[in-house]
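structure_18.csv (CSV, C-alpha atoms)
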```csv
chain,number,residue,atom,x,y,z
F,1,MET,CA,159.1,-53.8,110.7
F,2,SER,CA,158.1,-52.3,114.1
F,3,ARG,CA,155.2,-53.5,116.1
F,4,ASP,CA,153.3,-50.2,115.7
F,5,SER,CA,153.8,-50.5,111.9
F,6,ASP,CA,152.5,-54.1,112.0
F,7,SER,CA,149.4,-53.0,114.0
F,8,ALA,CA,148.7,-50.1,111.6
F,9,GLN,CA,149.0,-52.4,108.6
F,10,ALA,CA,146.7,-54.9,110.3
F,11,LEU,CA,144.0,-52.3,110.9
F,12,ARG,CA,144.3,-51.1,107.3
F,13,LEU,CA,143.8,-54.7,106.1
F,14,VAL,CA,140.7,-55.1,108.3
F,15,ALA,CA,139.3,-51.8,107.0
F,16,ALA,CA,140.0,-52.7,103.4
F,17,GLY,CA,138.4,-56.1,103.8
F,18,LEU,CA,135.4,-54.7,105.6
F,19,ILE,CA,134.8,-52.0,103.0
F,20,SER,CA,135.3,-54.5,100.2
F,21,LEU,CA,132.7,-56.9,101.5
F,22,ALA,CA,130.3,-54.0,102.3
F,23,VAL,CA,130.4,-52.9,98.7
F,24,ALA,CA,130.4,-56.4,97.1
F,25,MET,CA,127.7,-57.9,99.2
F,26,GLY,CA,125.6,-55.0,100.4
F,27,ILE,CA,125.4,-53.5,96.9
F,28,GLY,CA,126.7,-56.0,94.4
F,29,ARG,CA,124.7,-58.8,95.8
F,30,PHE,CA,121.8,-57.5,97.9
F,31,ALA,CA,120.9,-54.0,96.6
F,32,PHE,CA,118.1,-55.5,94.6
F,33,THR,CA,116.3,-56.7,97.8
F,34,PRO,CA,115.3,-53.4,99.2
F,35,LEU,CA,114.8,-51.8,95.8
F,36,LEU,CA,112.5,-54.6,94.4
F,37,PRO,CA,109.3,-53.3,96.1
F,38,LEU,CA,110.1,-49.8,94.9
F,39,MET,CA,110.7,-50.9,91.3
F,40,LEU,CA,107.4,-52.8,91.5
F,41,ARG,CA,105.7,-49.6,92.8
F,42,ASP,CA,107.2,-47.5,90.0
F,43,GLY,CA,106.0,-50.0,87.3
F,44,GLN,CA,109.6,-50.8,86.2
F,45,LEU,CA,109.2,-54.5,87.0
F,46,ASP,CA,106.5,-57.1,87.5
F,47,PRO,CA,107.0,-60.1,89.9
F,48,ALA,CA,108.1,-62.3,87.0
F,49,SER,CA,110.8,-60.0,85.8
F,50,GLY,CA,111.8,-59.3,89.4
F,51,ALA,CA,112.5,-63.1,89.7
F,52,GLN,CA,114.6,-62.9,86.5
F,53,TRP,CA,116.7,-60.1,88.0
F,54,ALA,CA,117.3,-62.1,91.2
F,55,MET,CA,118.1,-65.2,89.2
F,56,ALA,CA,120.6,-63.3,87.0
F,57,ASN,CA,122.5,-62.1,90.0
F,58,TYR,CA,122.6,-65.6,91.5
F,59,ILE,CA,123.8,-67.1,88.2
F,60,GLY,CA,126.4,-64.3,87.9
F,61,TYR,CA,127.6,-65.0,91.5
F,62,LEU,CA,128.0,-68.7,90.5
F,63,ILE,CA,130.0,-67.8,87.4
F,64,GLY,CA,132.1,-65.5,89.6
F,65,ALA,CA,132.7,-68.4,92.0
F,66,LEU,CA,133.6,-70.8,89.2
F,67,THR,CA,136.2,-68.3,87.8
F,68,SER,CA,137.4,-67.0,91.1
F,69,ALA,CA,140.2,-69.6,91.4
F,70,ARG,CA,141.9,-68.1,88.4
F,71,VAL,CA,141.4,-64.5,89.1
F,72,ALA,CA,142.3,-65.0,92.8
F,73,ALA,CA,145.8,-66.1,91.8
F,74,ASP,CA,146.4,-62.4,92.8
F,75,PRO,CA,143.7,-62.0,95.4
F,76,ARG,CA,144.3,-58.3,96.0
F,77,ARG,CA,144.0,-57.5,92.3
F,78,ALA,CA,140.8,-59.7,92.1
F,79,THR,CA,139.3,-57.7,94.9
F,80,LEU,CA,140.0,-54.3,93.3
F,81,VAL,CA,138.8,-55.4,89.8
F,82,GLY,CA,135.7,-56.8,91.4
F,83,LEU,CA,135.0,-53.6,93.3
F,84,ALA,CA,135.4,-51.5,90.2
F,85,GLY,CA,132.9,-53.8,88.4
F,86,VAL,CA,130.3,-53.6,91.1
F,87,SER,CA,130.5,-49.8,91.1
F,88,LEU,CA,130.2,-49.6,87.3
F,89,PHE,CA,127.4,-52.1,86.9
F,90,THR,CA,125.3,-50.7,89.8
F,91,PHE,CA,125.5,-47.2,88.5
F,92,ALA,CA,124.6,-48.4,85.0
F,93,VAL,CA,121.3,-49.8,86.2
F,94,GLY,CA,120.1,-46.3,87.0
F,95,CYS,CA,121.1,-45.1,83.5
F,96,VAL,CA,119.0,-47.7,81.6
F,97,PRO,CA,115.7,-46.4,80.2
F,98,ASP,CA,112.6,-48.1,81.4
F,99,ASN,CA,111.8,-49.6,78.0
F,100,ALA,CA,115.2,-51.4,78.0
F,101,LEU,CA,115.3,-52.3,81.6
F,102,ALA,CA,113.8,-55.8,81.3
F,103,VAL,CA,116.6,-56.9,79.0
F,104,VAL,CA,119.6,-54.9,80.2
F,105,GLY,CA,118.9,-54.9,83.9
F,106,PRO,CA,119.4,-58.7,84.4
F,107,ILE,CA,122.6,-58.5,82.4
F,108,LEU,CA,124.0,-55.8,84.6
F,109,ARG,CA,122.9,-57.5,87.8
F,110,GLY,CA,124.5,-60.7,86.6
F,111,ALA,CA,127.7,-58.9,85.9
F,112,ALA,CA,127.6,-57.4,89.4
F,113,GLY,CA,127.1,-60.9,90.8
F,114,ILE,CA,130.3,-62.1,89.1
F,115,CYS,CA,132.3,-59.2,90.5
F,116,SER,CA,130.8,-59.8,94.0
F,117,ALA,CA,132.1,-63.4,94.1
F,118,TRP,CA,135.5,-62.2,92.9
F,119,VAL,CA,135.6,-59.7,95.8
F,120,LEU,CA,134.5,-62.3,98.4
F,121,VAL,CA,137.1,-64.9,97.4
F,122,GLY,CA,139.8,-62.3,96.7
F,123,SER,CA,139.4,-60.3,99.9
F,124,SER,CA,139.1,-63.5,102.0
F,125,GLY,CA,142.4,-64.8,100.5
F,126,TRP,CA,144.2,-61.5,100.5
F,127,CYS,CA,143.2,-60.2,103.9
F,128,LEU,CA,143.1,-63.4,105.9
F,129,ILE,CA,146.5,-64.6,104.6
F,130,ALA,CA,148.1,-61.1,105.2
F,131,LEU,CA,146.7,-60.9,108.7
F,132,ALA,CA,147.9,-64.3,109.6
F,133,LYS,CA,151.4,-63.4,108.3
F,134,ALA,CA,151.2,-60.3,110.4
F,135,GLY,CA,150.4,-62.3,113.5
F,136,GLN,CA,147.0,-60.7,113.7
F,137,ALA,CA,144.7,-63.6,112.6
F,138,ALA,CA,142.4,-62.9,115.5
F,139,LEU,CA,141.3,-59.7,113.8
F,140,ALA,CA,140.1,-61.6,110.7
F,141,ALA,CA,136.6,-62.0,111.9
F,142,TRP,CA,136.0,-58.3,112.0
F,143,ILE,CA,136.3,-58.2,108.2
F,144,TYR,CA,133.0,-60.0,107.9
F,145,THR,CA,131.1,-57.3,109.7
F,146,GLY,CA,131.4,-55.5,106.4
F,147,VAL,CA,128.6,-57.6,104.9
F,148,GLY,CA,126.1,-56.5,107.5
F,149,VAL,CA,127.3,-52.9,107.3
F,150,GLY,CA,126.8,-53.0,103.6
F,151,ILE,CA,123.4,-54.5,103.8
F,152,ALA,CA,122.3,-52.1,106.5
F,153,GLY,CA,123.8,-49.1,104.5
F,154,ALA,CA,122.1,-50.0,101.3
F,155,GLY,CA,118.9,-50.7,103.2
F,156,LEU,CA,119.0,-47.3,104.9
F,157,ILE,CA,119.6,-45.5,101.6
F,158,ALA,CA,116.6,-47.3,100.1
F,159,TRP,CA,114.5,-46.7,103.3
F,160,LEU,CA,115.3,-43.0,103.7
F,161,GLY,CA,115.1,-42.4,99.9
F,162,GLY,CA,112.0,-44.6,99.4
F,163,MET,CA,110.0,-41.7,98.1
F,164,GLN,CA,112.4,-41.2,95.2
F,165,PRO,CA,112.1,-43.0,91.9
F,166,ALA,CA,114.0,-46.3,92.1
F,167,HIS,CA,116.4,-45.4,89.3
F,168,TRP,CA,117.8,-42.5,91.4
F,169,LEU,CA,118.5,-45.0,94.2
F,170,TRP,CA,120.5,-47.2,91.8
F,171,LEU,CA,122.6,-44.1,90.9
F,172,GLU,CA,123.2,-43.3,94.5
F,173,LEU,CA,124.2,-46.8,95.4
F,174,GLY,CA,126.6,-46.9,92.4
F,175,ALA,CA,128.2,-43.7,93.7
F,176,VAL,CA,128.5,-45.2,97.2
F,177,ALA,CA,130.1,-48.3,95.7
F,178,ALA,CA,132.6,-46.2,93.8
F,179,LEU,CA,133.6,-44.3,96.9
F,180,GLY,CA,134.1,-47.6,98.7
F,181,ALA,CA,136.2,-49.0,95.9
F,182,ALA,CA,138.4,-45.8,96.0
F,183,LEU,CA,138.9,-46.1,99.7
F,184,THR,CA,139.9,-49.8,99.3
F,185,VAL,CA,142.4,-48.9,96.5
F,186,ARG,CA,143.9,-46.3,98.8
F,187,MET,CA,144.3,-48.7,101.7
F,188,ALA,CA,145.6,-51.5,99.5
F,189,GLY,CA,148.4,-49.3,98.3
F,190,LYS,CA,149.6,-48.9,101.9
F,191,THR,CA,149.7,-52.6,102.7
F,192,HIS,CA,152.4,-55.1,102.0
F,193,HIS,CA,151.9,-58.6,100.6
F,194,ALA,CA,153.6,-60.1,103.6
F,195,THR,CA,154.5,-58.8,107.0
F,196,GLU,CA,157.9,-60.0,108.3
F,197,HIS,CA,160.4,-59.3,110.9
F,198,PRO,CA,163.7,-57.7,109.7
F,199,SER,CA,165.2,-61.2,110.1
F,200,GLY,CA,162.9,-62.3,107.3
F,201,LYS,CA,160.9,-64.7,109.5
F,202,PRO,CA,157.1,-64.3,109.9
F,203,ALA,CA,156.0,-61.9,112.6
F,204,ASN,CA,154.1,-64.7,114.3
F,205,PRO,CA,154.9,-68.1,112.9
F,206,ARG,CA,151.7,-70.1,112.2
F,207,PRO,CA,151.4,-73.3,114.2
F,208,PRO,CA,151.0,-76.5,112.3
F,209,PRO,CA,147.4,-77.3,111.5
F,210,ASP,CA,145.5,-79.4,114.0
F,211,HIS,CA,144.3,-82.4,112.1
F,212,ASN,CA,141.9,-83.4,115.0
F,213,THR,CA,139.5,-80.5,114.3
F,214,GLY,CA,136.9,-83.0,112.9
F,215,ARG,CA,136.5,-86.1,110.9
F,216,HIS,CA,134.4,-84.4,108.3
F,217,SER,CA,136.0,-83.8,104.9
F,218,ASP,CA,136.2,-80.7,102.8
F,219,LEU,CA,133.2,-82.2,101.0
F,220,GLN,CA,131.1,-81.9,104.1
F,221,LEU,CA,132.0,-78.2,104.5
F,222,ILE,CA,131.0,-77.7,100.8
F,223,LEU,CA,127.7,-79.5,101.2
F,224,CYS,CA,126.8,-77.6,104.4
F,225,TYR,CA,127.7,-74.3,102.8
F,226,GLY,CA,125.4,-75.2,99.8
F,227,ALA,CA,122.5,-76.0,102.2
F,228,PHE,CA,123.2,-72.7,103.9
F,229,GLY,CA,123.1,-70.9,100.6
F,230,TYR,CA,119.6,-72.2,99.9
F,231,GLY,CA,118.5,-71.9,103.5
F,232,TYR,CA,118.6,-68.1,103.7
F,233,ILE,CA,118.0,-67.0,100.2
F,234,VAL,CA,114.2,-66.9,100.0
F,235,LEU,CA,113.9,-64.6,103.0
F,236,ALA,CA,116.9,-62.6,101.9
F,237,THR,CA,115.3,-62.0,98.5
F,238,TYR,CA,111.7,-61.4,99.4
F,239,LEU,CA,111.7,-60.1,102.9
F,240,PRO,CA,110.8,-56.4,102.1
F,241,ALA,CA,108.3,-57.6,99.4
F,242,MET,CA,106.7,-59.8,102.0
F,243,ALA,CA,106.4,-56.9,104.4
F,244,GLN,CA,105.0,-54.7,101.6
F,245,GLN,CA,102.0,-57.1,101.3
F,246,GLY,CA,100.9,-56.0,104.8
F,247,VAL,CA,102.0,-52.3,104.8
F,248,ASP,CA,102.4,-50.3,101.7
F,249,ASP,CA,104.4,-47.4,103.3
F,250,PRO,CA,108.1,-47.7,102.3
F,251,LEU,CA,109.1,-46.1,105.6
F,252,VAL,CA,107.6,-49.1,107.3
F,253,PHE,CA,108.2,-52.1,105.0
F,254,GLY,CA,111.6,-50.8,104.0
F,255,LEU,CA,112.8,-51.0,107.6
F,256,THR,CA,113.0,-54.8,107.6
F,257,TRP,CA,116.2,-54.8,105.4
F,258,PRO,CA,118.3,-52.4,107.5
F,259,ILE,CA,117.3,-54.5,110.5
F,260,PHE,CA,118.5,-57.6,108.7
F,261,GLY,CA,121.9,-55.9,108.0
F,262,LEU,CA,122.4,-54.4,111.4
F,263,ALA,CA,121.7,-57.8,113.0
F,264,ALA,CA,124.3,-59.3,110.7
F,265,ALA,CA,127.0,-56.8,111.5
F,266,GLY,CA,126.2,-56.9,115.3
F,267,SER,CA,126.3,-60.7,115.4
F,268,VAL,CA,129.6,-60.9,113.6
F,269,ALA,CA,131.1,-58.3,116.0
F,270,ILE,CA,129.9,-60.3,119.0
F,271,SER,CA,131.2,-63.6,117.6
F,272,ALA,CA,134.5,-61.9,116.8
F,273,LYS,CA,134.9,-60.7,120.4
F,274,TRP,CA,133.5,-63.7,122.4
F,275,GLY,CA,133.2,-66.6,120.0
F,276,SER,CA,136.9,-67.7,119.8
F,277,SER,CA,136.4,-70.1,122.7
F,278,VAL,CA,133.9,-72.2,120.8
F,279,SER,CA,134.8,-74.4,117.9
F,280,ARG,CA,134.0,-73.2,114.4
F,281,GLU,CA,131.8,-76.2,113.8
F,282,ARG,CA,129.8,-75.4,116.9
F,283,VAL,CA,129.5,-71.7,116.0
F,284,TRP,CA,128.3,-72.6,112.5
F,285,ALA,CA,125.8,-75.3,113.8
F,286,LEU,CA,124.3,-72.9,116.4
F,287,ALA,CA,124.0,-70.1,113.7
F,288,GLN,CA,122.2,-72.4,111.3
F,289,THR,CA,119.9,-73.6,114.1
F,290,ALA,CA,118.9,-70.0,114.8
F,291,MET,CA,118.5,-69.3,111.1
F,292,ALA,CA,116.2,-72.3,110.8
F,293,ILE,CA,114.0,-70.8,113.5
F,294,GLY,CA,114.0,-67.5,111.5
F,295,THR,CA,113.0,-69.2,108.3
F,296,ALA,CA,110.2,-71.1,110.1
F,297,LEU,CA,108.6,-67.9,111.6
F,298,PRO,CA,106.9,-66.8,108.3
F,299,LEU,CA,105.3,-70.2,108.2
F,300,LEU,CA,103.4,-69.2,111.3
F,301,SER,CA,102.7,-65.5,110.5
F,302,VAL,CA,103.5,-62.9,107.9
F,303,ALA,CA,102.6,-60.0,110.2
F,304,LEU,CA,105.2,-57.2,110.2
F,305,GLY,CA,106.3,-58.1,113.7
F,306,ALA,CA,107.0,-61.7,112.8
F,307,LEU,CA,108.9,-60.7,109.7
F,308,ILE,CA,111.1,-58.2,111.7
F,309,LEU,CA,111.8,-61.0,114.2
F,310,SER,CA,112.6,-63.3,111.3
F,311,ALA,CA,114.9,-60.6,109.8
F,312,MET,CA,116.8,-60.5,113.2
F,313,MET,CA,117.1,-64.2,113.4
F,314,VAL,CA,118.3,-64.8,109.9
F,315,GLY,CA,120.2,-61.5,109.6
F,316,GLY,CA,121.8,-62.1,113.0
F,317,THR,CA,123.2,-65.5,112.0
F,318,PHE,CA,123.8,-65.7,108.3
F,319,MET,CA,127.1,-63.8,108.5
F,320,VAL,CA,128.2,-65.8,111.6
F,321,ALA,CA,127.7,-69.0,109.5
F,322,THR,CA,129.5,-67.4,106.6
F,323,MET,CA,132.5,-66.4,108.7
F,324,ALA,CA,132.7,-69.7,110.5
F,325,GLY,CA,132.6,-71.6,107.2
F,326,LEU,CA,135.4,-69.5,105.7
F,327,GLN,CA,137.5,-69.6,108.8
F,328,LEU,CA,137.1,-73.4,108.8
F,329,ALA,CA,138.4,-73.4,105.3
F,330,ARG,CA,141.4,-71.4,106.4
F,331,GLU,CA,142.1,-73.7,109.3
F,332,ARG,CA,141.9,-76.7,107.0
F,333,HIS,CA,144.3,-75.2,104.4
F,334,PRO,CA,146.2,-72.5,106.3
F,335,ASP,CA,148.8,-71.8,103.6
F,336,ASP,CA,146.2,-71.1,100.9
F,337,PRO,CA,142.5,-71.5,101.6
F,338,THR,CA,141.5,-69.9,98.2
F,339,ALA,CA,140.6,-73.2,96.4
F,340,LEU,CA,138.4,-74.5,99.2
F,341,VAL,CA,136.8,-71.0,99.6
F,342,ALA,CA,136.1,-71.0,95.9
F,343,ARG,CA,134.4,-74.5,96.0
F,344,MET,CA,132.4,-73.5,99.0
F,345,THR,CA,131.3,-70.3,97.2
F,346,ILE,CA,130.2,-72.4,94.2
F,347,ALA,CA,128.1,-74.5,96.5
F,348,PHE,CA,126.7,-71.5,98.2
F,349,ALA,CA,125.8,-69.9,94.8
F,350,SER,CA,124.2,-73.1,93.6
F,351,GLY,CA,122.1,-73.2,96.7
F,352,GLN,CA,121.0,-69.6,96.1
F,353,ILE,CA,120.0,-70.4,92.5
F,354,ALA,CA,118.0,-73.4,93.8
F,355,GLY,CA,115.8,-71.2,95.9
F,356,PRO,CA,114.0,-69.3,93.1
F,357,LEU,CA,114.0,-72.5,91.0
F,358,VAL,CA,112.1,-74.3,93.8
F,359,ILE,CA,109.6,-71.4,94.0
F,360,TRP,CA,109.1,-71.4,90.2
F,361,ALA,CA,108.5,-75.2,90.3
F,362,LEU,CA,106.0,-74.8,93.1
F,363,THR,CA,104.1,-72.0,91.4
F,364,ALA,CA,103.6,-74.4,88.4
F,365,MET,CA,101.7,-76.7,90.7
F,366,PRO,CA,98.1,-75.4,91.1
F,367,THR,CA,97.6,-76.9,94.5
F,368,LEU,CA,101.0,-75.5,95.9
F,369,ALA,CA,101.3,-72.2,94.0
F,370,PRO,CA,99.4,-70.1,96.6
F,371,ASP,CA,101.9,-71.1,99.3
F,372,ALA,CA,105.0,-71.4,97.2
F,373,LEU,CA,107.1,-69.1,99.5
F,374,HIS,CA,105.9,-71.0,102.6
F,375,TRP,CA,106.9,-74.4,101.1
F,376,ALA,CA,110.3,-72.9,100.0
F,377,ASN,CA,110.8,-71.7,103.6
F,378,LEU,CA,109.8,-75.1,105.0
F,379,ILE,CA,112.5,-76.8,102.8
F,380,ALA,CA,115.0,-74.2,104.0
F,381,THR,CA,114.2,-74.9,107.6
F,382,VAL,CA,114.7,-78.7,107.1
F,383,LEU,CA,118.0,-78.2,105.2
F,384,LEU,CA,119.3,-75.7,107.8
F,385,SER,CA,118.3,-78.0,110.7
F,386,GLY,CA,119.8,-81.1,109.1
F,387,SER,CA,123.2,-79.5,108.2
F,388,ALA,CA,123.4,-77.9,111.7
F,389,ALA,CA,123.0,-81.3,113.3
F,390,TRP,CA,125.6,-82.7,110.9
F,391,LEU,CA,128.1,-80.1,111.9
F,392,TRP,CA,127.4,-80.5,115.6
F,393,ARG,CA,127.8,-84.3,115.3
F,394,ALA,CA,131.1,-83.8,113.4
F,395,GLN,CA,132.5,-81.7,116.3
F,396,ALA,CA,131.3,-84.2,118.9
F,397,ASP,CA,133.0,-87.1,117.0
F,398,ALA,CA,136.2,-85.1,116.9
F,399,SER,CA,136.3,-84.3,120.6
F,400,PRO,CA,139.2,-85.9,122.5
F,401,ARG,CA,138.2,-89.1,124.2
F,402,SER,CA,139.5,-89.7,127.7
```
Let me see whether you can do it: turn the structure in this file into C-alpha cells.
Amino acid sequence: MSRDSDSAQALRLVAAGLISLAVAMGIGRFAFTPLLPLMLRDGQLDPASGAQWAMANYIGYLIGALTSARVAADPRRATLVGLAGVSLFTFAVGCVPDNALAVVGPILRGAAGICSAWVLVGSSGWCLIALAKAGQAALAAWIYTGVGVGIAGAGLIAWLGGMQPAHWLWLELGAVAALGAALTVRMAGKTHHATEHPSGKPANPRPPPDHNTGRHSDLQLILCYGAFGYGYIVLATYLPAMAQQGVDDPLVFGLTWPIFGLAAAGSVAISAKWGSSVSRERVWALAQTAMAIGTALPLLSVALGALILSAMMVGGTFMVATMAGLQLARERHPDDPTALVARMTIAFASGQIAGPLVIWALTAMPTLAPDALHWANLIATVLLSGSAAWLWRAQADASPRS
C-alpha cells in the first residue's frame, strides 16, 4: 500500500473516530445537560425526575461498559451498532408524549448510555489499533477532540434553539446523530482492518512496550479513572441548571455548555499538538489539578462569570484526562488495550453514578440539604486533587535515577 494511501486511510480513521465520539458523548451521554433547564421550563420534568433521567443514563453507561468487552471483540462493529442505537433512542425521546415521558424517558436515556459506552470502547479499540498499525499513532489524540466537538455542537443546538419546545430539540439531535452515524458507516467502509506494506509487515513496527513507564499498576489507573468520573460529573450534569438560577434567559444560561465543549475540543487539540513531550501520567495529573480548581470555583461563587470560568477549567481538562488515561491503557497493553479500557470505563461510569447518589444522600440530611451541590463539589475537589498527586508521584517514582 502506498504512503499516500496510508495517509488517506489514517485521516479517514481519525475522522471516523472523531465523529463517533462526537455523537456518542455529545448526544448519547451529554445531550440531557443543556436540555434539562428547558425541559424544566416546559413542565416536562421536575428536579426529582430530572435526577432520575441523569441516573438512568449513568447506569446505562455502566451497563454498556460491563458488556463492552464482549461486543468489542469486533470493535468496528460495536462502534457502528452503538451509533445506530444513540441515533434511534435520542430521536425517540422527542416522540414520547408528555404523559409517558416520566417512565419512558429514563429507559431511552439508559439505552443511549449503553450504546455510548460501546462506541467509546469500540472506537478507541478500532481506531487506535488501526492507526498504530498504519504507523500513524501520533494522530490518535485528535480522535478525542470529537467529545468536545459533540458537546459544543449539542450545546449550540440547544442554545440557538432554546426558544423551541424541548421535544423538538430531541428530534433535531436525533437527526444529527443519525447523520453522524451515516458518515461513520461511509468512512468505515473505506478503511481496512490493518495497514501493511506489500511485504506483509506492518507499515511501522511498534516498538516493544517500555516497562519503566511507572510502578503503578493497572488498578491504579482504574481507581484514578473512577475518581475522575466522580470528579467532573456534578458540574457536567448541573452546570446550565446552576446558571439558570441566576439568569432565566436561555440565550444566557445556555451558553455555559457550548463553552464547556469548545474548551474540551480546544484543549485536546493543544495537547495533541504539543503534549507529546510530557508523560501521560503528568498530563493526566495536571489536567485533574486544573479540574479540581474548576470544581472548587462554585464553592466560592455561583455568579455567571464564575460558572463560565468553571466550565472552561473543567471542560478544558476533562477530555485531556480522558485521552491521557486511554493512551496510558494503550501503552500498557499495546497489542489490545480493549480489556483495560473497558475496566477503566466501568470505574468511570461507577464514579458518575456515585455523584448523584452523594447528592441524594446529602439532600436527605436537613442540615446539609441546602448546600448539597456544594458538598458534592467539595468531595470532587478532594478526589481530583488526591488522584492527581498520586499520578504525579507515580511518574516521579518511575523517573530514571542517575
Leaving out Arg280 in chain F and any residue of its chain fewer than 2 positions from it, which residues lie within 8 Å of it when counting all atoms listed in the file, given as an mmCIF file with C-alpha atoms, in the coordinates of the input?
```cif
data_model
loop_
_atom_site.group_PDB
_atom_site.id
_atom_site.type_symbol
_atom_site.label_atom_id
_atom_site.label_comp_id
_atom_site.auth_asym_id
_atom_site.auth_seq_id
_atom_site.Cartn_x
_atom_site.Cartn_y
_atom_site.Cartn_z
ATOM 1 C CA VAL F 278 133.900 -72.200 120.800
ATOM 2 C CA ARG F 282 129.800 -75.400 116.900
ATOM 3 C CA VAL F 283 129.500 -71.700 116.000
ATOM 4 C CA TRP F 284 128.300 -72.600 112.500
ATOM 5 C CA ALA F 324 132.700 -69.700 110.500
ATOM 6 C CA GLY F 325 132.600 -71.600 107.200
ATOM 7 C CA GLN F 327 137.500 -69.600 108.800
ATOM 8 C CA LEU F 328 137.100 -73.400 108.800
#
```
**Request:** Name the residues in contact with range 378-387 of chain F at a cut-off of 7 Å, using only C-alpha atoms, excluding same-chain residues fewer than 2 positions from it; report them as a PyMOL selection string.
**Result:** chain F and resi 224+227-228+230-231+288-289+292+295-296+374-376+389-391
**Request:** Go ahead and compute the interatomic distance for CA of Gly113 in chain F and CA of Leu83 in chain F, in Å to one decimal.
**Result:** 11.0 Å
**Prompt:** How far is it from CA of Ala73 in chain F to CA of Arg332 in chain F, in Å with one decimal?
**Reply:**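 Separation between CA of Ala73 in chain F and CA of Arg332 in chain F: 18.9 Å.
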**Sel. within 7 Å of pt (129.7, -55.6, 104.7), counting only C-alpha atoms, output as a PyMOL selection string** = chain F and resi 18-19+21-23+25-26+144-151
**Message:** So, with all atoms listed in the file as the atoms that count, which of F:Gly162, F:Pro366, F:Gly135, F:Pro337 lies closest to Pro34 in chain F?
**Reply:** F:Gly162
**Request:** Can you pull out every residue within 6 Å of range 308-313 of chain F, counting only C-alpha atoms, but drop anything in the same chain fewer than 5 positions away, and send it as a PyMOL selection string?
**Result:** chain F and resi 256+260+263+291+294
**Asked** With only C-alpha atoms as the atoms that count, which of F:Met365, F:Ala354, F:Ala243, F:Ala347 lies nearest to Gly305 in chain F?
**Response** F:Ala243
